[in-house]
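Worksheet: the structure to be examined is printed underneath.
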Amino acid sequence: MARKFLYVVAILIALFIGARIALGFFPQQLTRLTLEPTSRFEPQPVLASNAYADPALWLSRPGITGEDPARWTPEGFVPDGPPIDAAVFFIHPTTYLKRDHWNAPLDDADALKFARVVTRANASVFGRAGEVWVPRYRQATIGAFVSDKPEARQALDLAYADVARAFDLFIAAQPAGRPIVIAGHSQGSYLAKRLTEDKIAGTPLAARLVAVYAIGWVVDPAQDLPRMKLPACAAADQAGCVISYLTFADQADVAMMRDAYRRLAGGAAAQATQILCSNPLTGGLGGSALAAANIGAIVPDVTMQSAKVTPGLVGAACAADGTLRIGEGPDMGPFVLPGGNYHIYDYALYWTNLRQDFARRVAAWQARR
């Protein structure tokens, strides 16, 4: 079994390295040829309204059988307090790296295995929450983020429809008045922004919202925050606000991330020039903090199955372009993108600080009741 698992991990690493080479070194036209699906978009029916009553459609939720990846903790972790009375809805990032379809089939074994890995590394930040819900969904393939074809938007619309269905069940399962958090990474944060606009903004749920963690995707303060009807988190003890940052080494090229945002934003938002930079070490907006303020990154092994808590690994400085810079950048393994893009490790580099950030913001929400 262990050998089979390592074989699967090797395949995932090979697929990812192929994608990262294309993203890092090839001009955009060649990148699209490398990553865009070779087939046409396949229209698919909306999932039934009760589809997410099936536990099999969740990576994490209350009562799940077997290992719950959102409750994972790394080697060297010291328990940091009792459960927190809050419910977290976390949307995992892109784990479908193939060109066969514009959307991942729900039975794709490789995408599912990788989703469990990234859920363990990312959603575990919220592991103290009384409930953590992480849906599986028909995610858009990685090629949708470099494509100008209309199929890219169709693929993301399909992914969003699944996430919205899952969110409705999540909300229905919560007692009245319980605080909620919406969080995601990468594609998950793109969908979290849309979910906040559609399901939270201007509704009674807004009063229950602790924060939106839209990490690893561009949030433009002038374009996105008004639609979400939320401010950026300007202080560590603020609730009802948005946290977002994009992690790069000092000399990294951020053009492709900006281009992906412009391509998918559309309309006036396509001209966005601002990027929200929340500082994960201070809990505020902008500024910088030394590595000494980092109380525990997690550094994974090559299989991404285990990791060690590593204090003081990197600092955090919001640059003039709105990205979060970390100096030369540490050796984190094969998933660092070329050119100093630490996108995969947006959560891992600040894992322990983000756990504390979550606890503080829930406490701030409770204090204002």
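For the structure tokens, the naming scheme is as follows: chains receive sequential letters (A, B, ...) according to their order of presentation, residues are indexed from 1 within each chain, and ligands are indexed from 1 in presentation order.
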
Excluding region 169-178 of chain A and any residue of its chain fewer than 5 positions from it, enumerate the residues within 12 Å of it, using only C-alpha atoms, and give them as a ChimeraX atom specification.
-> /A:48-55,57-58,60-62,84-90,129-135,162-164,199-200,204-210,362,365-366,369

Could you give me the residues within region 117-348 of chain A that DSSP places in alpha helix (DSSP H), as a PyMOL selection string?
-> chain A and resi 117-122+150-172+187-195+224-228+255-265

Residue among A:Ala292, A:Ile326, A:Ala222, A:Ile180 lying closest to Leu246 (chain A), counting only C-alpha atoms = A:Ile326

As a PyMOL selection string, which residues of region 58-250 of chain A does DSSP assign to strand (DSSP E)?
-> chain A and resi 58-60+84-91+129-135+180-185+209-215+241-243+247-248

Residue among A:Ile182, A:Ile275, A:Leu158, A:Ala192 lying closest to Ala320 (chain A), counting only C-alpha atoms | A:Ile275
